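S.K.: Just passing along the structure, written as structure tokens.
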Amino acid sequence: MSQDDRYRTTSWDGDEVSRRAPSEPDRQPERSAPKKKKKRRKKRTNPLLALLLWLAIVATSSAIFAAVGWMLANDFAALNKPPMETTFQVTEDFVSEVVQEKQENGQTKEVTHYDMEKVAAALKEAGLIEYEWFFRLFAWFYHADTKVSQGAFLLNTEMDYMALIRSMRTTGGKTETVDITIPEGYNVKQIIELLAENGVGTVEDLTETASSYEFDEYVFVDNENLGSVSRLEGYLFPDTYQFYVGARTELAFDSMLSNFNKKVYGNDELEELLETSPYKFEEIIAIASLIEKETDGSDRSDISSVIHNRLENTGETGNLLQIDASLVYAAGRPITQEDYATLDSPYNLYQHTGLPPTPIANPGLASIKAALSPADTNYYFYVLNPETKKHVFSETLAQHNKAVAAAAEAASRIAASEG
């Protein structure tokens with residue numbers, strides 16, 4: 001560019017633009033502007049329909065909450081419940097913990113806390129409340145776990161939650177307790193009479209419970225064939241118990257059945273022996289009951305051997321056990337000579353082979369062990385000598401007849417000396 005041309009900027013700019021402009025092929029194709037998507041129009045909900053739906057939901061929810069609230073209120077306040085009164089027992093099993101708590105005066109006091117879940121479940125079972133969880137909620141709010149106490153209490157369906165808790169205090173009508181020892185060899189009827197004598201319940205109520213109440217927690221109890229107290233025979237464990245006077249009668253039986261469940265049915269040693277025994281559990285208890293009624297206290301295993309030998313071998317007895325105690329159980333009174341041949345009962349083991357249909361008494365642990373572990377003998381007979389007050393065991397009928405004659409002579413001598 002000449003010195004003169006450098007000032008002609010117009011022409012220079014035109015040339016520069018022409019020089020720098022790209023050729024046609026190098027030009028980029030022009031992009032078309034993107035098309036805008038059409039927005040879909042949302043369908044509008046009918047406002048009237050929405051309002052009606054909302055009102056229906058509110059009305060339904062309100063009705064449900066009102067119904068639930070009314071049911072809970074009825075249960076809490078004991079409204080509209082059929083009248084019923086019962087003795088309710090707070091047992092030691094309900095205790096959750098015993099702690100030492102510091103009092104305001106600085107001293108410590110032993111405080112017992114009760115498991116309100118168990119209490120609520122028992123109240124529900126007794127028909128005193130309907131909603132266990134609601135009672136537990138109230139009990140938690142009211143700190144009821146330290147406000148109830150062990151004992152038997154007279155409660156009814158007219159009591160609200162507060163009244164139930166207050167009535168389960170020692171000041172709320174606790175009944176007295178009585179210690180009773182159930183002797184080994186007692187049958188159910190004898191146990192009922194003993195309980196009635198000590199005020200646990202009436203003979204009628206105890207008998208009805210023993211024959212008809214379903215103790216479904218215990219698999220060894222026959223809950224299908226109700227109607228006879230014999231179904232509990234053998235399972236009311238002999239021991240010393242503390243019963244509440246006037247409490248619900250099933251609680252007394254439950255204590256004895258629970259004890260049997262722990263000491264016999266749940267006994268590992270007995271379970272091992274049972275595994276090698278040819279007899280079922282209920283048959284062992286029946287054998288044990290016969291031993292208990294026949295033993296002098298020192299010969300359980302020998303009597304057990306006689307029973308096993310007669311059951312397992314025809315021998316000289318034809319599988320007849322011929323045990324007087326079972327015949328006495330059938331008669332319910334002292335037996336006569338005629339009863340041996342004429343008393344028609346499956347418990348008459350002079351007429352029926354094998355074991356009686358149920359145990360005839362409630363045996364102790366020693367007799368149950370003897371039933372599982374008989375002595376190794378060939379004995380088939382025994383007779384009580386009235387002078388020595390011991391049984392004489394024999395292997396043959398001839399030996400037995402001689403022992404019977406000797407026992408008769410001994411009885412004559414005793415009678416003569418007393419006369």
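By order of appearance in the structure tokens: chains A, B, ..., then residues from 1 within every chain, and ligands from 1 in the order shown.
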Using only C-alpha atoms, which protein or nucleic acid residues come within 6 Å of range 178-183 of chain A? Drop anything in the same chain fewer than 6 positions from it, and give the result as an NGL selection string.
M.R.: :A and (238-243)
S.K.: Those residues you just picked out, can you put them in a file as a compact mmCIF listing (two decimals), in the first residue's frame with all heavy atoms?
M.R.:
```txt
# COMPACT_ATOMS: atom_id res chain seq x y z
N PRO A 238 -46.93 -83.87 94.08
CA PRO A 238 -46.93 -83.76 95.54
C PRO A 238 -45.81 -82.83 96.01
O PRO A 238 -44.64 -83.03 95.69
CB PRO A 238 -46.67 -85.21 96.00
CG PRO A 238 -47.03 -86.06 94.83
CD PRO A 238 -46.68 -85.25 93.62
N ASP A 239 -46.17 -81.82 96.77
CA ASP A 239 -45.21 -80.83 97.24
C ASP A 239 -45.93 -79.91 98.21
O ASP A 239 -47.14 -80.05 98.44
CB ASP A 239 -44.65 -80.03 96.06
CG ASP A 239 -43.25 -79.50 96.32
OD1 ASP A 239 -42.85 -79.42 97.50
OD2 ASP A 239 -42.54 -79.17 95.34
N THR A 240 -45.21 -78.95 98.76
CA THR A 240 -45.83 -77.93 99.62
C THR A 240 -46.05 -76.67 98.81
O THR A 240 -45.13 -76.16 98.15
CB THR A 240 -44.95 -77.63 100.84
OG1 THR A 240 -44.80 -78.82 101.63
CG2 THR A 240 -45.58 -76.54 101.71
N TYR A 241 -47.27 -76.16 98.85
CA TYR A 241 -47.65 -75.00 98.04
C TYR A 241 -48.24 -73.90 98.92
O TYR A 241 -48.78 -74.17 100.01
CB TYR A 241 -48.70 -75.39 97.00
CG TYR A 241 -48.24 -76.43 96.01
CD1 TYR A 241 -48.41 -77.78 96.28
CD2 TYR A 241 -47.66 -76.06 94.80
CE1 TYR A 241 -47.99 -78.75 95.37
CE2 TYR A 241 -47.25 -77.01 93.88
CZ TYR A 241 -47.41 -78.35 94.18
OH TYR A 241 -47.01 -79.31 93.28
N GLN A 242 -48.16 -72.68 98.41
CA GLN A 242 -48.86 -71.56 99.04
C GLN A 242 -50.02 -71.17 98.12
O GLN A 242 -49.82 -70.70 97.02
CB GLN A 242 -47.93 -70.36 99.24
CG GLN A 242 -48.58 -69.21 100.00
CD GLN A 242 -47.64 -68.04 100.21
OE1 GLN A 242 -47.41 -67.25 99.31
NE2 GLN A 242 -47.10 -67.92 101.42
N PHE A 243 -51.22 -71.41 98.60
CA PHE A 243 -52.42 -71.09 97.83
C PHE A 243 -53.11 -69.87 98.43
O PHE A 243 -53.01 -69.62 99.64
CB PHE A 243 -53.40 -72.27 97.83
CG PHE A 243 -52.87 -73.52 97.20
CD1 PHE A 243 -52.59 -74.63 97.98
CD2 PHE A 243 -52.67 -73.59 95.84
CE1 PHE A 243 -52.11 -75.79 97.41
CE2 PHE A 243 -52.19 -74.75 95.25
CZ PHE A 243 -51.90 -75.86 96.04
```
S.K.: Residues near Ile129 in chain A, anyone? I mean within 8 Å using only C-alpha atoms, not counting same-chain ones fewer than 6 positions away, as an mmCIF file with N, CA, C and O atoms, in the first residue's frame.
M.R.:
```cif
data_model
loop_
_atom_site.group_PDB
_atom_site.id
_atom_site.type_symbol
_atom_site.label_atom_id
_atom_site.label_comp_id
_atom_site.auth_asym_id
_atom_site.auth_seq_id
_atom_site.Cartn_x
_atom_site.Cartn_y
_atom_site.Cartn_z
ATOM 1 N N ASP A 75 -63.625 -49.455 77.123
ATOM 2 C CA ASP A 75 -62.758 -50.368 77.862
ATOM 3 C C ASP A 75 -62.090 -49.657 79.030
ATOM 4 O O ASP A 75 -62.016 -50.193 80.140
ATOM 5 N N ALA A 120 -51.492 -57.353 82.014
ATOM 6 C CA ALA A 120 -52.523 -57.025 81.026
ATOM 7 C C ALA A 120 -53.037 -58.286 80.342
ATOM 8 O O ALA A 120 -54.242 -58.432 80.110
ATOM 9 N N LEU A 123 -55.323 -60.061 82.751
ATOM 10 C CA LEU A 123 -56.594 -59.343 82.867
ATOM 11 C C LEU A 123 -57.474 -59.594 81.643
ATOM 12 O O LEU A 123 -58.690 -59.762 81.763
ATOM 13 N N PHE A 135 -54.279 -50.794 77.880
ATOM 14 C CA PHE A 135 -54.068 -50.884 79.327
ATOM 15 C C PHE A 135 -52.589 -50.686 79.651
ATOM 16 O O PHE A 135 -52.246 -50.007 80.619
ATOM 17 N N THR A 157 -65.968 -56.351 86.365
ATOM 18 C CA THR A 157 -65.993 -55.638 85.088
ATOM 19 C C THR A 157 -66.529 -54.219 85.201
ATOM 20 O O THR A 157 -66.577 -53.491 84.206
#
```
S.K.: Counting only C-alpha atoms, which of A:Gly199, A:Val221, A:Leu79, A:Leu327 gets nearest to Tyr161 in chain A?
M.R.: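 Between A:Gly199, A:Val221, A:Leu79, A:Leu327, the residue approaching Tyr161 in chain A most closely is A:Leu79.
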S.K.: Please return, as a PDB file with N, CA and C atoms, in the first residue's frame, all residues of range 151-319 of chain A that DSSP assigns to strand (DSSP E) on the basis of the backbone.
M.R.:
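Final output, saved to result32.pdb:
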```
ATOM      1  N   GLY A 151     -50.628 -61.040  95.164  1.00  0.00           N
ATOM      2  CA  GLY A 151     -51.771 -61.465  95.970  1.00  0.00           C
ATOM      3  C   GLY A 151     -52.955 -61.849  95.116  1.00  0.00           C
ATOM      4  N   ALA A 152     -54.043 -62.191  95.767  1.00  0.00           N
ATOM      5  CA  ALA A 152     -55.297 -62.507  95.085  1.00  0.00           C
ATOM      6  C   ALA A 152     -56.295 -61.406  95.410  1.00  0.00           C
ATOM      7  N   PHE A 153     -56.943 -60.862  94.399  1.00  0.00           N
ATOM      8  CA  PHE A 153     -57.793 -59.698  94.568  1.00  0.00           C
ATOM      9  C   PHE A 153     -59.145 -59.909  93.893  1.00  0.00           C
ATOM     10  N   LEU A 154     -60.172 -59.399  94.521  1.00  0.00           N
ATOM     11  CA  LEU A 154     -61.519 -59.512  93.987  1.00  0.00           C
ATOM     12  C   LEU A 154     -61.771 -58.346  93.037  1.00  0.00           C
ATOM     13  N   LEU A 155     -61.861 -58.638  91.746  1.00  0.00           N
ATOM     14  CA  LEU A 155     -62.051 -57.620  90.721  1.00  0.00           C
ATOM     15  C   LEU A 155     -63.341 -57.882  89.961  1.00  0.00           C
ATOM     16  N   ASN A 156     -63.857 -56.837  89.305  1.00  0.00           N
ATOM     17  CA  ASN A 156     -65.082 -57.013  88.514  1.00  0.00           C
ATOM     18  C   ASN A 156     -65.042 -56.118  87.281  1.00  0.00           C
ATOM     19  N   THR A 177     -53.289 -66.181 102.535  1.00  0.00           N
ATOM     20  CA  THR A 177     -52.691 -67.357 101.917  1.00  0.00           C
ATOM     21  C   THR A 177     -52.662 -68.504 102.916  1.00  0.00           C
ATOM     22  N   VAL A 178     -52.520 -69.705 102.389  1.00  0.00           N
ATOM     23  CA  VAL A 178     -52.447 -70.890 103.234  1.00  0.00           C
ATOM     24  C   VAL A 178     -51.431 -71.849 102.622  1.00  0.00           C
ATOM     25  N   ASP A 179     -50.586 -72.407 103.454  1.00  0.00           N
ATOM     26  CA  ASP A 179     -49.603 -73.397 103.009  1.00  0.00           C
ATOM     27  C   ASP A 179     -50.201 -74.783 103.138  1.00  0.00           C
ATOM     28  N   ILE A 180     -50.163 -75.541 102.061  1.00  0.00           N
ATOM     29  CA  ILE A 180     -50.737 -76.888 102.050  1.00  0.00           C
ATOM     30  C   ILE A 180     -49.718 -77.850 101.458  1.00  0.00           C
ATOM     31  N   THR A 181     -49.511 -78.962 102.141  1.00  0.00           N
ATOM     32  CA  THR A 181     -48.637 -80.024 101.637  1.00  0.00           C
ATOM     33  C   THR A 181     -49.489 -81.121 101.012  1.00  0.00           C
ATOM     34  N   THR A 240     -45.212 -78.948  98.761  1.00  0.00           N
ATOM     35  CA  THR A 240     -45.830 -77.934  99.620  1.00  0.00           C
ATOM     36  C   THR A 240     -46.049 -76.667  98.806  1.00  0.00           C
ATOM     37  N   TYR A 241     -47.266 -76.156  98.853  1.00  0.00           N
ATOM     38  CA  TYR A 241     -47.652 -74.996  98.040  1.00  0.00           C
ATOM     39  C   TYR A 241     -48.240 -73.898  98.920  1.00  0.00           C
ATOM     40  N   GLN A 242     -48.160 -72.680  98.413  1.00  0.00           N
ATOM     41  CA  GLN A 242     -48.859 -71.562  99.035  1.00  0.00           C
ATOM     42  C   GLN A 242     -50.018 -71.174  98.123  1.00  0.00           C
ATOM     43  N   PHE A 243     -51.220 -71.415  98.601  1.00  0.00           N
ATOM     44  CA  PHE A 243     -52.420 -71.093  97.828  1.00  0.00           C
ATOM     45  C   PHE A 243     -53.107 -69.867  98.432  1.00  0.00           C
ATOM     46  N   TYR A 244     -53.824 -69.130  97.589  1.00  0.00           N
ATOM     47  CA  TYR A 244     -54.611 -67.995  98.058  1.00  0.00           C
ATOM     48  C   TYR A 244     -56.025 -68.465  98.375  1.00  0.00           C
TER      49      TYR A 244
END
```
S.K.: Output as JSON, numbers by chain all residues of range 119-177 of chain A that backbone DSSP marks as helix (DSSP H, G or I).
M.R.: {"A": [119, 120, 121, 122, 123, 124, 125, 132, 133, 134, 135, 136, 137, 138, 139, 140, 141, 142, 144, 145, 146, 161, 162, 163, 164, 165, 166, 167]}
S.K.: Neighbouring residues of Asn309 in chain A were defined as those with any atom within 8 Å, considering only C-alpha atoms; residues of the same chain fewer than 2 positions away were excluded. Please report them as a list in words.
M.R.: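 Here the answer would be Ser305, Val306, Ile307, Leu311, Glu312, Asn313, Asn378, Tyr379 and Tyr380 of chain A.
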S.K.: CA of Gly266 in chain A to CA of Tyr186 in chain A: how many Å, to one decimal?
M.R.: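 Going from CA of Gly266 in chain A over to CA of Tyr186 in chain A covers 22.0 Å.
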S.K.: Could you tell me how far CA of Tyr350 in chain A sits from CA of Ala406 in chain A, in Å to one decimal place?
M.R.: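 Going from CA of Ala406 in chain A over to CA of Tyr350 in chain A covers 22.7 Å.
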S.K.: For Lys280 in chain A, which of A:His113, A:Leu372, A:Glu184, A:Asn80 is the closest residue, counting only C-alpha atoms?
M.R.: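 Nearest to Lys280 in chain A: A:Leu372.
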S.K.: Neighbours of Pro363 in chain A within 12 Å (only C-alpha atoms; same-chain residues fewer than 2 positions away dropped), as a count of residues only?
M.R.: 39
S.K.: Which distance in Å separates CA of Leu321 in chain A and CA of Leu355 in chain A, to one decimal?
M.R.: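 For CA of Leu321 in chain A relative to CA of Leu355 in chain A, the distance reads 7.6 Å.
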